[in-house]
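Engineer: What follows is the file coords39.json, containing JSON, C-alpha atoms:
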[["chain", "number", "residue", "atom", "x", "y", "z"],
["Q", 289, "MET", "CA", 3.37, -8.29, 35.08],
["Q", 290, "ASN", "CA", 6.98, -9.31, 34.87],
["Q", 291, "LYS", "CA", 8.93, -9.69, 31.67],
["Q", 292, "THR", "CA", 8.90, -13.47, 31.52],
["Q", 293, "ARG", "CA", 5.18, -13.63, 31.95],
["Q", 294, "LYS", "CA", 4.68, -11.11, 29.22],
["Q", 295, "MET", "CA", 7.07, -12.92, 26.90],
["Q", 296, "VAL", "CA", 5.27, -16.21, 27.44],
["Q", 297, "PHE", "CA", 1.93, -14.59, 26.79],
["Q", 298, "LEU", "CA", 3.12, -12.98, 23.58],
["Q", 299, "SER", "CA", 4.49, -16.34, 22.47],
["Q", 300, "PHE", "CA", 1.04, -17.82, 22.98],
["Q", 301, "LEU", "CA", -0.44, -15.11, 20.82],
["Q", 302, "ILE", "CA", 2.16, -15.68, 18.12],
["Q", 303, "SER", "CA", 1.51, -19.41, 18.07],
["Q", 304, "ILE", "CA", -2.25, -18.82, 17.81],
["Q", 305, "ALA", "CA", -1.64, -16.49, 14.88],
["Q", 306, "LEU", "CA", 0.70, -19.07, 13.36],
["Q", 307, "VAL", "CA", -1.86, -21.87, 13.57],
["Q", 308, "ILE", "CA", -4.52, -19.66, 12.03],
["Q", 309, "TYR", "CA", -2.10, -18.77, 9.24],
["Q", 310, "ILE", "CA", -1.19, -22.37, 8.47],
["Q", 311, "ILE", "CA", -4.79, -23.57, 8.48],
["Q", 312, "GLU", "CA", -5.75, -20.68, 6.24],
["Q", 313, "ALA", "CA", -2.96, -21.60, 3.83],
["Q", 314, "GLN", "CA", -4.76, -24.86, 3.12],
["Q", 315, "ILE", "CA", -7.69, -23.02, 1.56],
["Q", 316, "PRO", "CA", -7.28, -23.15, -2.25],
["Q", 317, "VAL", "CA", -6.27, -19.89, -3.88],
["Q", 318, "LEU", "CA", -9.00, -18.29, -6.01],
["Q", 319, "PHE", "CA", -6.69, -15.74, -7.50],
["Q", 320, "PRO", "CA", -3.01, -15.13, -6.96],
["Q", 321, "GLY", "CA", -2.72, -13.19, -3.75],
["Q", 322, "ILE", "CA", -6.25, -13.24, -2.37],
["Q", 323, "LYS", "CA", -6.20, -14.47, 1.18],
["Q", 324, "LEU", "CA", -8.54, -14.06, 4.10],
["Q", 325, "GLY", "CA", -5.73, -12.79, 6.28],
["Q", 326, "LEU", "CA", -7.31, -14.17, 9.44],
["Q", 327, "ALA", "CA", -4.01, -14.20, 11.28],
["Q", 328, "ASN", "CA", -4.08, -10.42, 11.19],
["Q", 329, "THR", "CA", -6.88, -10.44, 13.74],
["Q", 330, "ILE", "CA", -4.27, -11.29, 16.35],
["Q", 331, "SER", "CA", -1.98, -8.47, 15.27],
["Q", 332, "LEU", "CA", -4.73, -5.92, 15.21],
["Q", 333, "ALA", "CA", -6.21, -7.11, 18.50],
["Q", 334, "ALA", "CA", -2.74, -6.91, 20.04],
["Q", 335, "LEU", "CA", -2.39, -3.38, 18.72],
["Q", 336, "ILE", "CA", -5.55, -2.32, 20.47],
["Q", 337, "LEU", "CA", -5.29, -4.33, 23.65],
["Q", 338, "ILE", "CA", -1.57, -4.22, 24.31],
["Q", 339, "GLY", "CA", 0.60, -1.91, 22.26],
["Q", 340, "TRP", "CA", 2.10, -1.18, 18.87],
["Q", 341, "LYS", "CA", 5.50, -2.70, 19.51],
["Q", 342, "GLU", "CA", 3.93, -5.98, 20.50],
["Q", 343, "ALA", "CA", 1.64, -5.94, 17.46],
["Q", 344, "LEU", "CA", 4.61, -5.41, 15.13],
["Q", 345, "LEU", "CA", 6.55, -8.15, 16.87],
["Q", 346, "ILE", "CA", 3.68, -10.60, 16.58],
["Q", 347, "MET", "CA", 3.26, -9.86, 12.88],
["Q", 348, "PHE", "CA", 6.96, -10.19, 12.14],
["Q", 349, "LEU", "CA", 7.54, -13.43, 14.03],
["Q", 350, "ARG", "CA", 4.34, -14.98, 12.75],
["Q", 351, "THR", "CA", 5.33, -14.22, 9.15],
["Q", 352, "LEU", "CA", 8.84, -15.54, 9.71],
["Q", 353, "LEU", "CA", 7.73, -18.80, 11.29],
["Q", 354, "GLY", "CA", 4.76, -19.16, 8.97],
["Q", 355, "SER", "CA", 6.88, -19.03, 5.85],
["Q", 356, "MET", "CA", 9.28, -21.53, 7.40],
["Q", 357, "PHE", "CA", 6.42, -23.93, 7.99],
["Q", 358, "GLY", "CA", 4.35, -23.46, 4.91],
["Q", 359, "GLY", "CA", 6.17, -21.53, 2.25],
["Q", 360, "THR", "CA", 9.34, -20.55, 0.52],
["Q", 361, "MET", "CA", 11.70, -17.64, 0.81],
["Q", 362, "SER", "CA", 9.69, -15.77, -1.78],
["Q", 363, "THR", "CA", 6.43, -16.10, 0.16],
["Q", 364, "PHE", "CA", 8.31, -14.73, 3.15],
["Q", 365, "MET", "CA", 9.42, -11.67, 1.20],
["Q", 366, "PHE", "CA", 5.95, -10.87, -0.03],
["Q", 367, "SER", "CA", 4.27, -11.49, 3.31],
["Q", 368, "ILE", "CA", 6.82, -9.41, 5.18],
["Q", 369, "ALA", "CA", 6.59, -6.50, 2.79],
["Q", 370, "GLY", "CA", 2.81, -6.49, 2.88],
["Q", 371, "GLY", "CA", 2.73, -7.19, 6.58],
["Q", 372, "ILE", "CA", 5.09, -4.41, 7.63],
["Q", 373, "LEU", "CA", 3.45, -1.83, 5.41],
["Q", 374, "SER", "CA", -0.04, -2.78, 6.55],
["Q", 375, "ASN", "CA", 0.98, -2.91, 10.21],
["Q", 376, "ILE", "CA", 2.64, 0.50, 10.15],
["Q", 377, "VAL", "CA", -0.38, 1.99, 8.45],
["Q", 378, "MET", "CA", -2.72, 0.47, 11.03],
["Q", 379, "ILE", "CA", -0.52, 1.61, 13.90],
["Q", 380, "LEU", "CA", -0.45, 5.18, 12.62],
["Q", 381, "LEU", "CA", -4.16, 5.21, 11.86],
["Q", 382, "TYR", "CA", -4.99, 3.81, 15.25],
["Q", 383, "LYS", "CA", -2.71, 6.21, 17.10],
["Q", 384, "TYR", "CA", -3.91, 9.38, 15.45],
["Q", 385, "PHE", "CA", -7.42, 8.59, 14.35],
["Q", 386, "LYS", "CA", -8.58, 6.24, 17.05],
["Q", 387, "ASN", "CA", -11.56, 8.40, 17.85],
["Q", 388, "SER", "CA", -12.57, 9.58, 14.42],
["Q", 389, "MET", "CA", -12.25, 6.24, 12.66],
["Q", 390, "SER", "CA", -13.96, 2.99, 13.36],
["Q", 391, "LEU", "CA", -12.15, -0.33, 13.61],
["Q", 392, "TRP", "CA", -13.45, -1.61, 10.30],
["Q", 393, "THR", "CA", -11.87, 1.25, 8.38],
["Q", 394, "ILE", "CA", -8.50, 0.73, 10.03],
["Q", 395, "SER", "CA", -8.66, -2.97, 9.21],
["Q", 396, "ILE", "CA", -9.68, -2.29, 5.60],
["Q", 397, "CYS", "CA", -6.84, 0.20, 5.14],
["Q", 398, "GLY", "CA", -4.46, -2.36, 6.62],
["Q", 399, "ALA", "CA", -5.66, -4.97, 4.15],
["Q", 400, "ILE", "CA", -5.36, -2.58, 1.21],
["Q", 401, "PHE", "CA", -1.81, -1.62, 2.09],
["Q", 402, "HIS", "CA", -0.93, -5.25, 2.64],
["Q", 403, "ASN", "CA", -1.86, -5.93, -0.98],
["Q", 404, "ILE", "CA", -0.07, -2.84, -2.23],
["Q", 405, "GLY", "CA", 3.06, -3.91, -0.38],
["Q", 406, "GLN", "CA", 2.90, -7.41, -1.86],
["Q", 407, "LEU", "CA", 2.39, -6.07, -5.39],
["Q", 408, "LEU", "CA", 5.32, -3.73, -4.88],
["Q", 409, "VAL", "CA", 7.67, -6.58, -4.03],
["Q", 410, "ALA", "CA", 6.26, -8.71, -6.85],
["Q", 411, "SER", "CA", 6.75, -5.93, -9.39],
["Q", 412, "ILE", "CA", 10.36, -5.55, -8.28],
["Q", 413, "VAL", "CA", 10.99, -9.30, -8.51],
["Q", 414, "ILE", "CA", 9.55, -9.56, -12.00],
["Q", 415, "GLN", "CA", 10.91, -6.12, -12.89],
["Q", 416, "ASP", "CA", 7.64, -5.35, -14.55],
["Q", 417, "PHE", "CA", 5.11, -2.90, -13.21],
["Q", 418, "ARG", "CA", 2.34, -4.51, -15.20],
["Q", 419, "ILE", "CA", 1.54, -6.76, -12.28],
["Q", 420, "TYR", "CA", -0.40, -3.78, -10.98],
["Q", 421, "ILE", "CA", -3.14, -4.90, -13.33],
["Q", 422, "TYR", "CA", -4.12, -7.15, -10.45],
["Q", 423, "LEU", "CA", -4.65, -4.12, -8.22],
["Q", 424, "PRO", "CA", -8.39, -3.49, -8.81],
["Q", 425, "VAL", "CA", -9.37, -7.06, -8.00],
["Q", 426, "LEU", "CA", -7.08, -7.17, -4.99],
["Q", 427, "LEU", "CA", -8.48, -3.86, -3.74],
["Q", 428, "ILE", "CA", -12.03, -5.16, -3.82],
["Q", 429, "SER", "CA", -11.06, -8.34, -2.01],
["Q", 430, "ALA", "CA", -9.03, -6.29, 0.49],
["Q", 431, "ILE", "CA", -12.12, -4.27, 1.35],
["Q", 432, "ILE", "CA", -14.22, -7.37, 1.87],
["Q", 433, "THR", "CA", -11.65, -9.26, 3.92],
["Q", 434, "GLY", "CA", -10.67, -6.11, 5.82],
["Q", 435, "TYR", "CA", -14.26, -5.57, 6.83],
["Q", 436, "PHE", "CA", -14.58, -9.18, 7.96],
["Q", 437, "ILE", "CA", -11.37, -9.00, 9.98],
["Q", 438, "GLY", "CA", -12.63, -5.75, 11.48],
["Q", 439, "TRP", "CA", -15.68, -7.59, 12.80],
["Q", 440, "CYS", "CA", -13.53, -10.39, 14.21],
["Q", 441, "VAL", "CA", -11.33, -7.94, 16.07],
["Q", 442, "LYS", "CA", -14.37, -6.04, 17.31],
["Q", 443, "PHE", "CA", -15.75, -9.18, 18.90],
["Q", 444, "LEU", "CA", -12.36, -10.12, 20.29],
["Q", 445, "THR", "CA", -11.66, -6.77, 21.88],
["Q", 446, "ASN", "CA", -15.14, -6.34, 23.26],
["Q", 447, "ASN", "CA", -14.77, -9.53, 25.21],
["Q", 448, "LEU", "CA", -11.09, -9.49, 26.03],
["Q", 449, "TYR", "CA", -11.26, -6.03, 27.58],
["Q", 450, "LYS", "CA", -12.90, -7.63, 30.56],
["Q", 451, "ILE", "CA", -9.99, -9.95, 31.33],
["Q", 452, "PRO", "CA", -7.72, -8.36, 33.93],
["Q", 453, "MET", "CA", -4.58, -9.80, 32.33],
["Q", 454, "PHE", "CA", -4.86, -7.43, 29.42],
["Q", 455, "LYS", "CA", -5.14, -4.46, 31.71],
["Q", 456, "GLU", "CA", -1.88, -5.54, 33.31],
["Q", 457, "LEU", "CA", -0.21, -5.94, 29.92],
["Q", 458, "LYS", "CA", -1.27, -2.53, 28.78],
["Q", 459, "ASN", "CA", -0.05, -0.67, 31.81],
["Q", 460, "LYS", "CA", 3.08, -2.80, 31.91],
["D", 216, "MET", "CA", -19.96, 6.29, 10.55],
["D", 217, "LYS", "CA", -17.60, 8.79, 12.04],
["D", 218, "LYS", "CA", -15.91, 11.65, 10.27],
["D", 219, "GLY", "CA", -12.61, 9.80, 9.73],
["D", 220, "ASP", "CA", -14.55, 6.91, 8.20],
["D", 221, "LYS", "CA", -16.08, 9.13, 5.57],
["D", 222, "ILE", "CA", -12.72, 10.61, 4.58],
["D", 223, "ALA", "CA", -11.14, 7.16, 4.37],
["D", 224, "ALA", "CA", -14.09, 5.85, 2.36],
["D", 225, "ILE", "CA", -13.74, 8.65, -0.17],
["D", 226, "LEU", "CA", -9.99, 8.13, -0.47],
["D", 227, "ILE", "CA", -10.44, 4.40, -0.97],
["D", 228, "LEU", "CA", -13.11, 5.00, -3.58],
["D", 229, "ILE", "CA", -10.75, 7.32, -5.45],
["D", 230, "LEU", "CA", -8.05, 4.66, -5.26],
["D", 231, "ILE", "CA", -10.36, 2.02, -6.70],
["D", 232, "ILE", "CA", -11.55, 4.25, -9.51],
["D", 233, "THR", "CA", -7.98, 5.26, -10.37],
["D", 234, "SER", "CA", -6.78, 1.68, -10.45],
["D", 235, "PHE", "CA", -9.67, 0.54, -12.63],
["D", 236, "ALA", "CA", -9.16, 3.52, -14.92],
["D", 237, "GLY", "CA", -5.45, 2.82, -15.11],
["D", 238, "VAL", "CA", -6.02, -0.79, -16.07],
["D", 239, "PHE", "CA", -8.65, 0.23, -18.62],
["D", 240, "ILE", "CA", -6.36, 2.79, -20.24],
["D", 241, "TYR", "CA", -3.54, 0.28, -20.35],
["D", 242, "ARG", "CA", -5.75, -2.31, -22.01],
["D", 243, "SER", "CA", -7.04, -0.01, -24.73],
["D", 244, "HIS", "CA", -3.51, 1.24, -25.31],
["D", 245, "VAL", "CA", -2.20, -2.22, -26.00],
["D", 246, "LYS", "CA", -3.95, -3.19, -29.18],
["D", 247, "GLY", "CA", -2.92, -6.03, -31.45],
["D", 248, "SER", "CA", -3.55, -7.88, -34.66],
["D", 249, "HIS", "CA", -0.22, -9.63, -34.45],
["D", 250, "LYS", "CA", -0.07, -11.35, -31.10],
["D", 251, "ILE", "CA", 3.48, -11.40, -29.87],
["D", 252, "ALA", "CA", 4.27, -13.42, -26.76],
["D", 253, "ILE", "CA", 7.27, -12.33, -24.73],
["D", 254, "ILE", "CA", 8.84, -14.72, -22.23],
["D", 255, "LYS", "CA", 10.82, -12.90, -19.58],
["D", 256, "GLN", "CA", 12.77, -14.37, -16.70],
["D", 257, "ASP", "CA", 14.48, -12.39, -13.99],
["D", 258, "GLY", "CA", 13.91, -9.27, -16.09],
["D", 259, "LYS", "CA", 15.68, -10.65, -19.16],
["D", 260, "ILE", "CA", 13.77, -11.48, -22.32],
["D", 261, "LEU", "CA", 14.32, -15.14, -23.18],
["D", 262, "ASN", "CA", 12.03, -15.51, -26.17],
["D", 263, "THR", "CA", 9.80, -13.47, -28.44],
["D", 264, "ILE", "CA", 7.22, -15.51, -30.33],
["D", 265, "ASP", "CA", 4.70, -14.32, -32.89],
["D", 266, "LEU", "CA", 1.73, -16.46, -31.94],
["D", 267, "THR", "CA", -0.14, -15.80, -35.18],
["D", 268, "LYS", "CA", 2.72, -17.31, -37.15],
["D", 269, "VAL", "CA", 2.87, -20.56, -35.16],
["D", 270, "THR", "CA", 1.93, -23.52, -37.35],
["D", 271, "THR", "CA", 2.58, -26.59, -35.22],
["D", 272, "LYS", "CA", 2.37, -27.27, -31.51],
["D", 273, "LYS", "CA", 5.64, -26.40, -29.80],
["D", 274, "GLN", "CA", 7.01, -26.98, -26.33],
["D", 275, "ILE", "CA", 9.78, -25.09, -24.56],
["D", 276, "THR", "CA", 11.29, -25.95, -21.21],
["D", 277, "VAL", "CA", 12.61, -22.98, -19.22],
["D", 278, "LYS", "CA", 15.01, -23.72, -16.40],
["D", 279, "TYR", "CA", 15.30, -21.72, -13.21],
["D", 280, "ASN", "CA", 18.40, -22.02, -11.03],
["D", 281, "LYS", "CA", 19.41, -25.28, -12.69],
["D", 282, "SER", "CA", 16.94, -27.47, -10.83],
["D", 283, "HIS", "CA", 13.51, -25.86, -11.34],
["D", 284, "TYR", "CA", 11.55, -25.80, -14.57],
["D", 285, "ASN", "CA", 8.52, -24.46, -16.41],
["D", 286, "VAL", "CA", 7.22, -26.23, -19.50],
["D", 287, "ILE", "CA", 5.65, -23.77, -21.93],
["D", 288, "GLU", "CA", 3.30, -24.97, -24.65],
["D", 289, "ILE", "CA", 2.63, -22.89, -27.75],
["D", 290, "GLU", "CA", -0.11, -23.31, -30.33],
["D", 291, "THR", "CA", -1.40, -21.00, -33.01],
["D", 292, "GLY", "CA", -2.62, -17.87, -31.30],
["D", 293, "LYS", "CA", -2.23, -19.09, -27.72],
["D", 294, "ILE", "CA", 0.33, -19.99, -25.13],
["D", 295, "ARG", "CA", 0.31, -21.54, -21.67],
["D", 296, "ILE", "CA", 2.49, -23.01, -18.98],
["D", 297, "LYS", "CA", 1.79, -26.72, -19.18],
["D", 298, "ASP", "CA", 3.79, -27.87, -16.19],
["D", 299, "ALA", "CA", 6.07, -26.47, -13.54],
["D", 300, "ASP", "CA", 7.64, -27.55, -10.30],
["D", 301, "CYS", "CA", 6.77, -24.46, -8.30],
["D", 302, "PRO", "CA", 4.87, -25.16, -5.05],
["D", 303, "ASP", "CA", 1.51, -23.52, -5.89],
["D", 304, "LYS", "CA", 1.39, -24.09, -9.67],
["D", 305, "ILE", "CA", -0.66, -20.96, -10.07],
["D", 306, "CYS", "CA", 1.04, -20.46, -13.43],
["D", 307, "VAL", "CA", -0.19, -23.86, -14.63],
["D", 308, "LYS", "CA", -3.70, -23.20, -13.30],
["D", 309, "THR", "CA", -3.83, -19.92, -15.25],
["D", 310, "GLY", "CA", -4.15, -21.95, -18.43],
["D", 311, "TRP", "CA", -4.13, -20.57, -21.96],
["D", 312, "ILE", "CA", -3.73, -16.91, -22.75],
["D", 313, "SER", "CA", -4.32, -15.54, -26.20],
["D", 314, "GLU", "CA", -5.15, -11.84, -26.02],
["D", 315, "PRO", "CA", -2.82, -8.85, -25.85],
["D", 316, "GLY", "CA", -2.47, -7.59, -22.31],
["D", 317, "GLN", "CA", -2.91, -11.04, -20.78],
["D", 318, "SER", "CA", -0.06, -12.59, -18.89],
["D", 319, "ILE", "CA", 1.00, -15.68, -16.97],
["D", 320, "ILE", "CA", 3.27, -15.22, -14.02],
["D", 321, "CYS", "CA", 5.32, -17.75, -12.09],
["D", 322, "LEU", "CA", 6.54, -15.74, -9.13],
["D", 323, "PRO", "CA", 8.83, -18.33, -7.50],
["D", 324, "HIS", "CA", 10.65, -18.79, -10.79],
["D", 325, "GLU", "CA", 10.65, -15.09, -11.69],
["D", 326, "LEU", "CA", 9.02, -15.96, -14.98],
["D", 327, "ILE", "CA", 6.46, -13.87, -16.86],
["D", 328, "ILE", "CA", 4.82, -14.57, -20.20],
["D", 329, "LYS", "CA", 2.88, -11.68, -21.66],
["D", 330, "ILE", "CA", 1.23, -10.93, -24.95],
["D", 331, "GLU", "CA", 1.89, -7.59, -26.60],
["D", 332, "GLY", "CA", 0.24, -6.38, -29.74],
["D", 333, "ASN", "CA", -1.85, -3.76, -31.53],
["D", 334, "ASN", "CA", -5.64, -3.62, -31.98],
["D", 335, "SER", "CA", -7.32, -6.01, -29.62],
["D", 336, "LYS", "CA", -11.00, -6.63, -30.10],
["D", 337, "TYR", "CA", -11.63, -8.09, -26.68],
["D", 338, "ASP", "CA", -11.10, -6.58, -23.31],
["D", 339, "ASP", "CA", -11.16, -8.42, -20.04],
["D", 340, "ILE", "CA", -9.80, -7.54, -16.65],
["D", 341, "SER", "CA", -8.68, -10.89, -15.32],
["D", 342, "SER", "CA", -6.88, -13.66, -17.09]]
Could I get this structure in the form of structure tokens?

Structural biologist:
Amino acid sequence: MNKTRKMVFLSFLISIALVIYIIEAQIPVLFPGIKLGLANTISLAALILIGWKEALLIMFLRTLLGSMFGGTMSTFMFSIAGGILSNIVMILLYKYFKNSMSLWTISICGAIFHNIGQLLVASIVIQDFRIYIYLPVLLISAIITGYFIGWCVKFLTNNLYKIPMFKELKNK
Amino acid sequence: MKKGDKIAAILILILIITSFAGVFIYRSHVKGSHKIAIIKQDGKILNTIDLTKVTTKKQITVKYNKSHYNVIEIETGKIRIKDADCPDKICVKTGWISEPGQSIICLPHELIIKIEGNNSKYDDISS
């Protein structure tokens, strides 16, 4: 698979993640910060099917473009902080614990660290650590959404494994 | 469930319990009979208002970066953000707060209103 082909394919993935993100942003917010995080299915699936660099790239570009389309500079900061932290955690967990941990756990941990990252940035912006009062509620929602995303990625990977294109991408 | 799952599950459970405990301890620590609302923006305290001493309805407009605003409404014992020009208006949707420990936050405008105090009779996790 040559570089151009790979770049085009990754762009497709990023735009899919972007569309998911924008549609999801239309859903009214129950509580400041609780989101389904559906766009992370693409990042996590990319991590498993392709590689960690690509997953990080997808997450970063999707967040960048997403906040240009549907948010402000501040949403970008929070999403990036949460996104990078959660992605790194998922990459490490997947690399070292791939066999002893199931997908759902990795996804849940990713979601939890996403929230922790966002709260961290928020507490720095407001210069008040009391925002961590939101942590318990966010943790519970992170577990629920993480589990759901885990299922989504499970279905995705189970079926996408069979497509030869992904085998090419992985072996580069 | 594999072995790694169990370890992660235990760690997460500990995290949840710690965070709930932390919030609980914080709440019972902040007790109040005199409800004092503190309005902070960008880390600097703009206003300190004793809510129990408020007699008439008051309105304050707080500016952010010259062009953005939050309108704060104060009545006896409670305070809220009545209007704001931030994109999500989560601060407006939060509504009235009246108990120590509660807070209203407008993240885009770096604004936080929180109620300090001693001896609160009520205790709730979310505002």

Engineer: Measuring between all atoms listed in the file, which one of Q:Val317, Q:Met295, Q:Ile421, Q:Ile394 shows the shortest distance to Lys308 of chain D?

Structural biologist: Q:Val317

Engineer: Output as number ranges by chain the set of chain Q residues within 6 Å of chain D, with distances taken over only C-alpha atoms.

Structural biologist: Q: 388-389, 414-415, 421, 424

Engineer: For segment 308-313 of chain Q, list every protein, DNA or RNA residue within 9 Å, evaluated using all atoms listed in the file, and leave out those in the same chain fewer than 6 positions away; present the list as a ChimeraX atom specification.

Structural biologist: /Q:323-328,350-351,354,357-358

Engineer: Just the number, please: distance in Å from atom CA of Tyr384 of chain Q to atom CA of Leu301 of chain Q, one decimal.

Structural biologist: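 That distance, rounded to one decimal, is 25.3 Å.
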
Engineer: Quick one: of D:Ala252, D:Ile294, D:Ile225, D:Ile275, who's nearest to Ile312 of chain D, counting all atoms listed in the file?

Structural biologist: D:Ile294

Engineer: Report, in Å to a single decimal, how far apart atom CA of Thr263 of chain D and atom CA of Lys297 of chain D are.

Structural biologist: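 These atoms are spaced 18.0 Å apart.
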
Engineer: What separation in Å, quoted to one decimal, exists between atom CA of Thr363 of chain Q and atom CA of Ile315 of chain Q?

Structural biologist: 15.8 Å

Engineer: At a cut-off of 7 Å, using only C-alpha atoms, what residues contact Asn285 of chain D? Leave out same-chain residues fewer than 6 positions from it and give the result as a compact mmCIF listing (two decimals) with C-alpha atoms, keeping the file's coordinate frame.

Structural biologist:
# COMPACT_ATOMS: atom_id res chain seq x y z
CA THR D 276 11.29 -25.95 -21.21
CA VAL D 277 12.61 -22.98 -19.22
CA LYS D 278 15.01 -23.72 -16.40
CA ILE D 296 2.49 -23.01 -18.98
CA ASP D 298 3.79 -27.87 -16.19
CA ALA D 299 6.07 -26.47 -13.54
CA ASP D 300 7.64 -27.55 -10.30

Engineer: Would you mind telling me which residue in D:Ile260, D:Leu226, D:Ile251, D:Ile289 lies nearest to Asp416 of chain Q when using all atoms listed in the file?

Structural biologist: D:Ile260

Engineer: Any idea what's packed within 12 Å of Phe300 of chain Q, counting all atoms listed in the file, ignoring anything in its chain fewer than 4 positions away? Could you give it as a list in words?

Structural biologist: Arg293, Lys294, Met295, Val296, Ile304, Ala305, Leu306, Val307, Ile330, Ala334, Ile346, Leu349 and Arg350 of chain Q

Engineer: Suppose we keep C-alpha atoms; can you now write the selection as a PDB file, in the coordinates of the input?

Structural biologist:
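Result written to result.pdb:
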ATOM      1  CA  ARG Q 293       5.180 -13.630  31.950  1.00  0.00           C
ATOM      2  CA  LYS Q 294       4.680 -11.110  29.220  1.00  0.00           C
ATOM      3  CA  MET Q 295       7.070 -12.920  26.900  1.00  0.00           C
ATOM      4  CA  VAL Q 296       5.270 -16.210  27.440  1.00  0.00           C
ATOM      5  CA  ILE Q 304      -2.250 -18.820  17.810  1.00  0.00           C
ATOM      6  CA  ALA Q 305      -1.640 -16.490  14.880  1.00  0.00           C
ATOM      7  CA  LEU Q 306       0.700 -19.070  13.360  1.00  0.00           C
ATOM      8  CA  VAL Q 307      -1.860 -21.870  13.570  1.00  0.00           C
ATOM      9  CA  ILE Q 330      -4.270 -11.290  16.350  1.00  0.00           C
ATOM     10  CA  ALA Q 334      -2.740  -6.910  20.040  1.00  0.00           C
ATOM     11  CA  ILE Q 346       3.680 -10.600  16.580  1.00  0.00           C
ATOM     12  CA  LEU Q 349       7.540 -13.430  14.030  1.00  0.00           C
ATOM     13  CA  ARG Q 350       4.340 -14.980  12.750  1.00  0.00           C
TER      14      ARG Q 350
END

Engineer: Excluding segment 264-266 of chain D and residues on its chain fewer than 6 positions from it, collect all residues at most 7 Å away from it, counting all atoms listed in the file, and give them as a list in words.

Structural biologist: His249, Lys250, Ile251, Ala252, Ile253, Thr291, Gly292 and Lys293 of chain D

Engineer: For segment 397-411 of chain Q, which lacks atoms in the input, supply N, CA and C atoms and format the output as a PDB file, keeping the file's coordinate frame.

Structural biologist:
ATOM      1  N   CYS Q 397      -8.052  -0.483   5.624  1.00  0.00           N
ATOM      2  CA  CYS Q 397      -6.840   0.200   5.140  1.00  0.00           C
ATOM      3  C   CYS Q 397      -5.629  -0.707   5.300  1.00  0.00           C
ATOM      4  N   GLY Q 398      -5.560  -1.425   6.416  1.00  0.00           N
ATOM      5  CA  GLY Q 398      -4.460  -2.360   6.620  1.00  0.00           C
ATOM      6  C   GLY Q 398      -4.420  -3.392   5.516  1.00  0.00           C
ATOM      7  N   ALA Q 399      -5.601  -3.938   5.182  1.00  0.00           N
ATOM      8  CA  ALA Q 399      -5.660  -4.970   4.150  1.00  0.00           C
ATOM      9  C   ALA Q 399      -5.235  -4.409   2.805  1.00  0.00           C
ATOM     10  N   ILE Q 400      -5.714  -3.194   2.495  1.00  0.00           N
ATOM     11  CA  ILE Q 400      -5.360  -2.580   1.210  1.00  0.00           C
ATOM     12  C   ILE Q 400      -3.856  -2.400   1.101  1.00  0.00           C
ATOM     13  N   PHE Q 401      -3.244  -1.860   2.164  1.00  0.00           N
ATOM     14  CA  PHE Q 401      -1.810  -1.620   2.090  1.00  0.00           C
ATOM     15  C   PHE Q 401      -1.018  -2.912   2.116  1.00  0.00           C
ATOM     16  N   HIS Q 402      -1.597  -3.943   2.687  1.00  0.00           N
ATOM     17  CA  HIS Q 402      -0.930  -5.250   2.640  1.00  0.00           C
ATOM     18  C   HIS Q 402      -0.793  -5.675   1.180  1.00  0.00           C
ATOM     19  N   ASN Q 403      -1.899  -5.547   0.428  1.00  0.00           N
ATOM     20  CA  ASN Q 403      -1.860  -5.930  -0.980  1.00  0.00           C
ATOM     21  C   ASN Q 403      -0.930  -5.047  -1.780  1.00  0.00           C
ATOM     22  N   ILE Q 404      -0.958  -3.751  -1.506  1.00  0.00           N
ATOM     23  CA  ILE Q 404      -0.070  -2.840  -2.230  1.00  0.00           C
ATOM     24  C   ILE Q 404       1.384  -3.211  -1.977  1.00  0.00           C
ATOM     25  N   GLY Q 405       1.691  -3.521  -0.720  1.00  0.00           N
ATOM     26  CA  GLY Q 405       3.060  -3.910  -0.380  1.00  0.00           C
ATOM     27  C   GLY Q 405       3.473  -5.167  -1.126  1.00  0.00           C
ATOM     28  N   GLN Q 406       2.570  -6.163  -1.166  1.00  0.00           N
ATOM     29  CA  GLN Q 406       2.900  -7.410  -1.860  1.00  0.00           C
ATOM     30  C   GLN Q 406       3.125  -7.166  -3.341  1.00  0.00           C
ATOM     31  N   LEU Q 407       2.241  -6.361  -3.957  1.00  0.00           N
ATOM     32  CA  LEU Q 407       2.390  -6.070  -5.390  1.00  0.00           C
ATOM     33  C   LEU Q 407       3.699  -5.339  -5.654  1.00  0.00           C
ATOM     34  N   LEU Q 408       4.084  -4.477  -4.711  1.00  0.00           N
ATOM     35  CA  LEU Q 408       5.320  -3.730  -4.880  1.00  0.00           C
ATOM     36  C   LEU Q 408       6.501  -4.689  -4.970  1.00  0.00           C
ATOM     37  N   VAL Q 409       6.579  -5.614  -4.009  1.00  0.00           N
ATOM     38  CA  VAL Q 409       7.670  -6.580  -4.030  1.00  0.00           C
ATOM     39  C   VAL Q 409       7.612  -7.433  -5.292  1.00  0.00           C
ATOM     40  N   ALA Q 410       6.402  -7.864  -5.663  1.00  0.00           N
ATOM     41  CA  ALA Q 410       6.260  -8.710  -6.850  1.00  0.00           C
ATOM     42  C   ALA Q 410       6.718  -7.963  -8.089  1.00  0.00           C
ATOM     43  N   SER Q 411       6.366  -6.664  -8.185  1.00  0.00           N
ATOM     44  CA  SER Q 411       6.750  -5.930  -9.390  1.00  0.00           C
ATOM     45  C   SER Q 411       8.256  -5.753  -9.451  1.00  0.00           C
TER      46      SER Q 411
END
